[in-house]
Amino acid sequence: MKGVYVLLAVMALCFTLIPIVAYLFGGWFAYWGHALLAITFSVTVVLIRTRYYWEED
Amino acid sequence: MAPPVPEVTPELTVGVITAIASFLAVSILLGFFMRKKAKGFEEWLVGRGDIGPLITGFALVASYLSGWAIFGNAGLGYAYGWSGSWLIGTTCVMGMALCLVIGYRMRRYVALGARTVPEMLRVRFESRLVQALAGLAMIVLLMVYSVGQYKAMATVWTITTGTPFYGSLLATAVLILVYLAVGGYTGTQWVSGFQGVLLTVVGWALGIATLVWAGGPTKIVEAIGTQLFIKPGGVQTEIPLGDYTLPLPPLGGLAFPGVDYVGVTAAIFMFLFMATGFPHNIARFLGARKITKREYWMMLLILIVGGLTPLWIGVVGFAARAVWGGALMADEYNPMYGDSAAVYASISAGGVPLASLFAASVFAAAIASLAGMVMIMATNITRDLIHNTFPKASPKRLLGLTKLMLVPFIAIPLWWTFTSPPPILSEFMAGSAVAQAGIFFFVVGVSMYWKRATKWGATAATVYGLIITFFHPNAYGKLVGLYHWGYWALLLMFGSALVYLLISLATKPLPENKLNILFPERNH
């Protein structure tokens, strides 16, 4: 289950970086950077679901 | 010298009407075909639980991407520059993925007899009170959200046909009535799936086309960097648009989420919670079939592709601002203002074909959301209030009454838009979105996973959330000194969470034997 905590930390990092990226970089870099952080967050949360908390087996 | 804002031409009007008529025809045919398959009230509500990941994924995209995302986002980018990004929802994919992960468990409650989201709550808490209260809260909040859909459609119709705004509102209401009357709202999942594909493709195409039309990304950044904020009505300020926060003057300016990083934080949390909190979103899982891990990943891919559409619509707004400056904020564009940016940009960047497709997409998004919401509000009355009180009521009568209830739930938000259209659509809708996120993320989403949640926790959180909703800075917040959108939104979302948590811990959950049915042991 250690892997879950690592993945949760990745999710938290993605979330926290959003305003920081906007403040530090701005413009298109922040705009599409936010999308990239959101995609990373999403892949991580689905990974947690499918690998550690799958319900359909 | 900036190019002129385009005028209406007969070709454009014909193109738009043809595209919208084609879209409606396909949707209605799909709905009609699926309606034939439905046997009885129960199946009419959720189908047969056999909808696969492709349709469920795109249906989720369609119900999530309402008039706000496919249309209003351009208004945000246009009016507020980069600071509009916070409501454009650059991070909305996060919330959609969370909805995918959390919402899938709705299937468990369908197996236990739930057919609507409030019914899921009745099953979860064995409480008709929670069901009825959630139904009422949904009616209030979805009513507000519906107003935005009307403004989106009426603005498109006004610009592309030359009809006055209020005439356009009536025209769109007639179109919706026709759509619902001939069965476009049935087979919702399939219709929404088709609509999700349409607006994703058109949203991406329009965003890329306007990016090129405005001279590329660098030119847009340079142009926005020189722009100043202009209030609806054309009053120019000295506040530059070049940053991710827009320090609008207090007290009125504090009602804008991008005014500072408190508002920004609240907006990010709103997008994290709201996809799960939207009842019309999470309801998509009521008709879903069992899916494999591979299909789960496929759904995520659909959500990512669809979830980037709002960003492309935001790009349309930036491009329009770069090309036309603040011209669309002038009084002659009242009451559409910056919300008209997407339509004009679609005409200039892609001519009649793209403008027509975009118009059809706005109708697709607005109708998908509106139909979903109207359906939920109507069933809130029949299923969650009437059937809840009179369990032996005839299913046939309930079905008839549900159809009848569609009329007031179409008319009330129409009247609201008619008498008081919001200047920036997405900003207005964010008020309702915060409330739906704050209340239902916890009451519906978390309750499916947290065994310790109680009906009193859910009830208290719903009541608290509804009360705080009325203290929105642009509603009654001013009376108690609540001028700041960010503080209001955080107070609503985290206040609801805290109330839900504390009251649940202080009260008795369902007995263990009943919880074991709702939360069966995992096999591994």
# chains A, B, ... in the order shown; residues from 1 in each chain; ligands from 1
>>> residues_around(residues="A:Arg49", least_positions_apart="6", cutoff="10 Å", atoms="only C-alpha atoms", output="MDAnalysis selection string")
(chainID A and resid 4 43 55) or (chainID B and resid 100:102 293 296)
>>> interface_residues(of="chain B", to="chain A", cutoff="7 Å", atoms="only C-alpha atoms", output="list of chain:residue names")
B:Trp82, B:Thr90, B:Thr91, B:Val93, B:Met94, B:Ala97, B:Val101, B:Val221, B:Asp243, B:Tyr244, B:Lys293, B:Ile304
>>> atom_distance(atom1="atom CA of B:Pro422", atom2="atom CA of B:Val147")
8.5 Å
>>> atom_distance(atom1="atom CA of B:Phe32", atom2="atom CA of B:Arg115")
20.9 Å
>>> select_by_dssp(residues="stretch 13-145 of chain B", states="alpha helix (DSSP H)", output="compact mmCIF listing (two decimals) with C-alpha atoms, in the first residue's frame")
# COMPACT_ATOMS: atom_id res chain seq x y z
CA THR B 13 -28.43 32.59 -41.09
CA VAL B 14 -29.30 29.74 -43.45
CA GLY B 15 -26.17 27.82 -42.47
CA VAL B 16 -26.83 28.19 -38.73
CA ILE B 17 -30.50 27.24 -38.98
CA THR B 18 -29.62 24.20 -41.13
CA ALA B 19 -26.92 23.06 -38.71
CA ILE B 20 -29.15 23.47 -35.65
CA ALA B 21 -32.07 21.74 -37.39
CA SER B 22 -29.81 18.84 -38.41
CA PHE B 23 -28.46 18.51 -34.90
CA LEU B 24 -31.96 18.52 -33.43
CA ALA B 25 -33.15 15.97 -35.98
CA VAL B 26 -30.32 13.54 -35.22
CA SER B 27 -30.79 13.98 -31.47
CA ILE B 28 -34.55 13.50 -31.69
CA LEU B 29 -34.22 10.42 -33.92
CA LEU B 30 -31.72 8.90 -31.52
CA GLY B 31 -33.97 9.73 -28.58
CA PHE B 32 -37.04 8.38 -30.34
CA PHE B 33 -35.29 5.13 -31.24
CA MET B 34 -34.09 4.65 -27.67
CA ARG B 35 -37.49 5.55 -26.24
CA LYS B 36 -39.05 2.65 -28.09
CA LYS B 37 -36.81 0.33 -26.16
CA GLY B 40 -42.02 1.47 -18.05
CA PHE B 41 -41.08 4.35 -15.80
CA GLU B 42 -38.03 2.72 -14.22
CA GLU B 43 -36.40 1.89 -17.53
CA TRP B 44 -37.34 5.30 -18.89
CA LEU B 45 -35.31 6.86 -16.08
CA VAL B 46 -32.07 4.90 -16.25
CA PRO B 53 -17.82 3.19 -21.57
CA LEU B 54 -17.74 5.04 -24.89
CA ILE B 55 -21.27 6.42 -24.64
CA THR B 56 -21.06 6.94 -20.87
CA GLY B 57 -17.77 8.82 -21.31
CA PHE B 58 -19.04 11.15 -24.02
CA ALA B 59 -22.38 11.60 -22.21
CA LEU B 60 -20.40 12.71 -19.17
CA VAL B 61 -18.47 15.15 -21.35
CA ALA B 62 -21.72 16.55 -22.80
CA SER B 63 -23.47 17.02 -19.47
CA TYR B 64 -20.36 18.59 -17.95
CA GLY B 67 -23.20 26.45 -22.23
CA ASN B 73 -15.50 30.42 -21.53
CA ALA B 74 -14.77 32.62 -24.53
CA GLY B 75 -16.57 35.44 -22.71
CA LEU B 76 -14.35 34.88 -19.68
CA GLY B 77 -11.13 34.92 -21.70
CA TYR B 78 -12.34 37.93 -23.63
CA ALA B 79 -13.51 40.03 -20.67
CA TYR B 80 -10.90 39.09 -18.04
CA SER B 85 -8.69 31.12 -16.77
CA TRP B 86 -9.73 30.22 -13.25
CA LEU B 87 -13.36 30.01 -14.28
CA ILE B 88 -12.52 28.67 -17.74
CA CYS B 92 -11.39 20.71 -14.96
CA VAL B 93 -10.00 17.35 -16.14
CA MET B 94 -9.03 16.73 -12.51
CA GLY B 95 -12.60 16.98 -11.33
CA MET B 96 -13.89 14.88 -14.22
CA ALA B 97 -11.44 12.08 -13.38
CA LEU B 98 -12.50 12.24 -9.75
CA CYS B 99 -16.12 11.94 -10.86
CA LEU B 100 -15.17 8.88 -12.91
CA VAL B 101 -13.49 7.26 -9.93
CA ILE B 102 -16.20 8.14 -7.40
CA GLY B 103 -19.31 8.05 -9.58
CA MET B 106 -23.65 4.59 -8.38
CA ARG B 107 -24.19 1.26 -10.12
CA ARG B 108 -24.22 -0.45 -6.74
CA TYR B 109 -27.18 1.69 -5.70
CA VAL B 110 -29.01 1.03 -8.95
CA ALA B 111 -28.77 -2.67 -8.10
CA VAL B 117 -29.48 10.59 -7.36
CA PRO B 118 -31.73 11.51 -4.37
CA GLU B 119 -33.02 7.91 -4.40
CA MET B 120 -29.45 6.76 -4.08
CA LEU B 121 -29.35 8.85 -0.89
CA ARG B 122 -32.54 7.22 0.38
CA VAL B 123 -30.98 3.81 -0.13
CA ARG B 124 -27.69 4.90 1.44
CA PHE B 125 -29.25 6.46 4.55
CA ARG B 128 -36.95 9.70 2.84
CA LEU B 129 -36.10 13.07 4.43
CA VAL B 130 -32.63 13.11 2.89
CA GLN B 131 -34.08 12.10 -0.47
CA ALA B 132 -36.70 14.87 -0.42
CA LEU B 133 -34.27 17.51 0.83
CA ALA B 134 -31.68 16.63 -1.81
CA GLY B 135 -34.43 16.80 -4.44
CA LEU B 136 -35.42 20.29 -3.30
CA ALA B 137 -31.82 21.51 -3.18
CA MET B 138 -31.26 20.22 -6.71
CA ILE B 139 -34.32 22.09 -7.98
CA VAL B 140 -33.07 25.40 -6.53
CA LEU B 141 -29.50 25.04 -7.77
CA LEU B 142 -30.25 23.58 -11.19
CA MET B 143 -32.75 26.35 -11.83
CA VAL B 144 -29.93 28.91 -11.56
CA TYR B 145 -27.69 26.78 -13.74
>>> atom_distance(atom1="atom CA of B:Glu427", atom2="atom CA of B:Phe471")
15.6 Å
>>> select_by_dssp(residues="stretch 128-322 of chain B", states="strand (DSSP E or B)", output="list in words")
Leu228, Phe229, Ile230, Gly233, Gln236, Thr237, Glu238, Ile239, Pro240 and Ala288 of chain B
>>> residues_around(residues="B:Leu65", least_positions_apart="4", cutoff="9 Å", atoms="only C-alpha atoms", output="PyMOL selection string")
chain B and resi 60-61+69-70+196+199+306-307+309-310+365-366+368-369
>>> decode(residues="stretch 346-491 of chain B", atoms="C-alpha atoms", output="mmCIF file, in the first residue's frame")
data_model
loop_
_atom_site.group_PDB
_atom_site.id
_atom_site.type_symbol
_atom_site.label_atom_id
_atom_site.label_comp_id
_atom_site.auth_asym_id
_atom_site.auth_seq_id
_atom_site.Cartn_x
_atom_site.Cartn_y
_atom_site.Cartn_z
ATOM 1 C CA SER B 346 -16.219 31.636 -35.270
ATOM 2 C CA ILE B 347 -17.615 33.694 -38.168
ATOM 3 C CA SER B 348 -14.351 35.545 -38.766
ATOM 4 C CA ALA B 349 -12.017 32.580 -38.350
ATOM 5 C CA GLY B 350 -13.993 29.835 -40.069
ATOM 6 C CA GLY B 351 -16.692 31.487 -42.155
ATOM 7 C CA VAL B 352 -20.206 30.085 -42.483
ATOM 8 C CA PRO B 353 -19.271 26.362 -42.110
ATOM 9 C CA LEU B 354 -17.439 26.722 -38.790
ATOM 10 C CA ALA B 355 -19.867 29.331 -37.431
ATOM 11 C CA SER B 356 -22.800 27.026 -38.262
ATOM 12 C CA LEU B 357 -21.164 24.016 -36.652
ATOM 13 C CA PHE B 358 -20.275 26.075 -33.606
ATOM 14 C CA ALA B 359 -23.867 27.305 -33.292
ATOM 15 C CA ALA B 360 -25.083 23.691 -33.429
ATOM 16 C CA SER B 361 -22.503 22.766 -30.769
ATOM 17 C CA VAL B 362 -23.645 25.505 -28.418
ATOM 18 C CA PHE B 363 -27.193 24.216 -28.825
ATOM 19 C CA ALA B 364 -25.912 20.676 -28.272
ATOM 20 C CA ALA B 365 -24.132 21.608 -25.046
ATOM 21 C CA ALA B 366 -26.897 23.828 -23.740
ATOM 22 C CA ILE B 367 -29.673 21.398 -24.635
ATOM 23 C CA ALA B 368 -27.780 18.382 -23.264
ATOM 24 C CA SER B 369 -27.309 20.137 -19.938
ATOM 25 C CA LEU B 370 -30.717 21.760 -19.910
ATOM 26 C CA ALA B 371 -32.537 18.534 -20.827
ATOM 27 C CA GLY B 372 -30.549 16.613 -18.184
ATOM 28 C CA MET B 373 -31.280 19.241 -15.554
ATOM 29 C CA VAL B 374 -34.958 19.644 -16.458
ATOM 30 C CA MET B 375 -35.309 15.859 -16.300
ATOM 31 C CA ILE B 376 -33.687 15.784 -12.869
ATOM 32 C CA MET B 377 -35.849 18.631 -11.570
ATOM 33 C CA ALA B 378 -39.014 17.002 -12.923
ATOM 34 C CA THR B 379 -38.158 13.635 -11.380
ATOM 35 C CA ASN B 380 -37.209 15.424 -8.135
ATOM 36 C CA ILE B 381 -40.875 16.366 -7.918
ATOM 37 C CA THR B 382 -42.452 13.100 -9.067
ATOM 38 C CA ARG B 383 -40.008 10.493 -7.859
ATOM 39 C CA ASP B 384 -38.337 12.138 -4.865
ATOM 40 C CA LEU B 385 -41.273 14.077 -3.451
ATOM 41 C CA ILE B 386 -44.548 12.535 -4.692
ATOM 42 C CA HIS B 387 -43.521 8.885 -5.006
ATOM 43 C CA ASN B 388 -41.546 9.307 -1.808
ATOM 44 C CA THR B 389 -44.709 10.403 0.027
ATOM 45 C CA PHE B 390 -47.104 8.089 -1.835
ATOM 46 C CA PRO B 391 -45.128 4.936 -2.651
ATOM 47 C CA LYS B 392 -48.199 3.269 -4.194
ATOM 48 C CA ALA B 393 -48.745 5.998 -6.824
ATOM 49 C CA SER B 394 -49.282 4.540 -10.293
ATOM 50 C CA PRO B 395 -46.055 4.450 -12.394
ATOM 51 C CA LYS B 396 -48.051 5.476 -15.464
ATOM 52 C CA ARG B 397 -49.371 8.583 -13.723
ATOM 53 C CA LEU B 398 -45.912 9.408 -12.400
ATOM 54 C CA LEU B 399 -44.491 9.203 -15.911
ATOM 55 C CA GLY B 400 -47.247 11.499 -17.220
ATOM 56 C CA LEU B 401 -46.708 13.934 -14.383
ATOM 57 C CA THR B 402 -42.949 13.942 -14.974
ATOM 58 C CA LYS B 403 -43.569 14.977 -18.580
ATOM 59 C CA LEU B 404 -45.978 17.683 -17.417
ATOM 60 C CA MET B 405 -43.427 19.021 -14.922
ATOM 61 C CA LEU B 406 -41.000 19.630 -17.787
ATOM 62 C CA VAL B 407 -43.040 22.730 -18.732
ATOM 63 C CA PRO B 408 -42.559 24.800 -15.535
ATOM 64 C CA PHE B 409 -38.924 23.809 -15.324
ATOM 65 C CA ILE B 410 -38.387 25.125 -18.837
ATOM 66 C CA ALA B 411 -40.440 28.271 -18.236
ATOM 67 C CA ILE B 412 -39.036 29.497 -14.897
ATOM 68 C CA PRO B 413 -35.362 29.858 -15.937
ATOM 69 C CA LEU B 414 -36.574 31.306 -19.238
ATOM 70 C CA TRP B 415 -38.438 34.017 -17.362
ATOM 71 C CA TRP B 416 -35.361 34.670 -15.241
ATOM 72 C CA THR B 417 -33.156 35.092 -18.325
ATOM 73 C CA PHE B 418 -35.826 37.260 -19.915
ATOM 74 C CA THR B 419 -36.074 39.658 -16.989
ATOM 75 C CA SER B 420 -32.476 39.670 -15.774
ATOM 76 C CA PRO B 421 -29.872 38.170 -18.162
ATOM 77 C CA PRO B 422 -26.430 37.832 -16.499
ATOM 78 C CA PRO B 423 -23.719 40.039 -18.135
ATOM 79 C CA ILE B 424 -20.997 37.322 -18.041
ATOM 80 C CA LEU B 425 -22.699 33.960 -18.190
ATOM 81 C CA SER B 426 -19.971 31.748 -16.694
ATOM 82 C CA GLU B 427 -19.409 34.052 -13.744
ATOM 83 C CA PHE B 428 -23.086 33.812 -12.912
ATOM 84 C CA MET B 429 -23.201 30.030 -13.275
ATOM 85 C CA ALA B 430 -20.171 29.601 -11.014
ATOM 86 C CA GLY B 431 -22.406 30.596 -8.082
ATOM 87 C CA SER B 432 -24.602 27.562 -8.555
ATOM 88 C CA ALA B 433 -21.593 25.371 -9.364
ATOM 89 C CA VAL B 434 -19.954 26.143 -6.007
ATOM 90 C CA ALA B 435 -23.132 25.183 -4.175
ATOM 91 C CA GLN B 436 -23.556 21.926 -6.101
ATOM 92 C CA ALA B 437 -19.880 21.127 -5.556
ATOM 93 C CA GLY B 438 -19.967 21.992 -1.853
ATOM 94 C CA ILE B 439 -23.138 20.107 -1.039
ATOM 95 C CA PHE B 440 -23.276 17.077 -3.303
ATOM 96 C CA PHE B 441 -19.602 16.169 -3.517
ATOM 97 C CA PHE B 442 -19.808 15.221 0.137
ATOM 98 C CA VAL B 443 -23.450 14.259 0.555
ATOM 99 C CA VAL B 444 -23.504 12.061 -2.571
ATOM 100 C CA GLY B 445 -19.894 11.329 -3.523
ATOM 101 C CA VAL B 446 -18.233 10.847 -0.144
ATOM 102 C CA SER B 447 -21.268 9.085 1.355
ATOM 103 C CA MET B 448 -20.852 6.245 -1.146
ATOM 104 C CA TYR B 449 -17.447 5.476 0.384
ATOM 105 C CA TRP B 450 -17.588 6.661 3.996
ATOM 106 C CA LYS B 451 -19.441 4.137 6.147
ATOM 107 C CA ARG B 452 -19.604 6.485 9.108
ATOM 108 C CA ALA B 453 -21.687 9.106 7.245
ATOM 109 C CA THR B 454 -25.177 9.546 8.679
ATOM 110 C CA LYS B 455 -28.460 10.931 7.442
ATOM 111 C CA TRP B 456 -28.160 13.797 9.928
ATOM 112 C CA GLY B 457 -24.727 14.720 8.602
ATOM 113 C CA ALA B 458 -26.094 14.707 5.052
ATOM 114 C CA THR B 459 -29.183 16.707 6.054
ATOM 115 C CA ALA B 460 -27.189 19.320 7.970
ATOM 116 C CA ALA B 461 -24.670 19.756 5.135
ATOM 117 C CA THR B 462 -27.470 20.233 2.586
ATOM 118 C CA VAL B 463 -29.280 22.812 4.721
ATOM 119 C CA TYR B 464 -26.035 24.641 5.537
ATOM 120 C CA GLY B 465 -24.961 24.698 1.881
ATOM 121 C CA LEU B 466 -28.326 26.030 0.725
ATOM 122 C CA ILE B 467 -28.336 28.799 3.328
ATOM 123 C CA ILE B 468 -24.788 29.937 2.469
ATOM 124 C CA THR B 469 -25.684 29.861 -1.248
ATOM 125 C CA PHE B 470 -28.033 32.786 -0.705
ATOM 126 C CA PHE B 471 -25.138 34.780 0.764
ATOM 127 C CA HIS B 472 -23.337 34.897 -2.586
ATOM 128 C CA PRO B 473 -21.619 38.313 -2.855
ATOM 129 C CA ASN B 474 -23.964 39.270 -5.699
ATOM 130 C CA ALA B 475 -27.070 38.094 -3.803
ATOM 131 C CA TYR B 476 -27.526 38.639 -0.057
ATOM 132 C CA GLY B 477 -23.833 38.445 0.926
ATOM 133 C CA LYS B 478 -23.568 42.223 0.987
ATOM 134 C CA LEU B 479 -26.079 42.354 3.835
ATOM 135 C CA VAL B 480 -23.644 40.527 6.116
ATOM 136 C CA GLY B 481 -20.428 42.000 4.728
ATOM 137 C CA LEU B 482 -19.594 38.987 2.547
ATOM 138 C CA TYR B 483 -18.261 40.720 -0.571
ATOM 139 C CA HIS B 484 -15.447 38.328 -1.468
ATOM 140 C CA TRP B 485 -16.301 35.416 -3.802
ATOM 141 C CA GLY B 486 -13.337 33.355 -2.616
ATOM 142 C CA TYR B 487 -14.244 33.556 1.073
ATOM 143 C CA TRP B 488 -17.873 32.833 0.263
ATOM 144 C CA ALA B 489 -17.001 29.788 -1.881
ATOM 145 C CA LEU B 490 -14.546 28.388 0.683
ATOM 146 C CA LEU B 491 -17.068 28.975 3.462
#
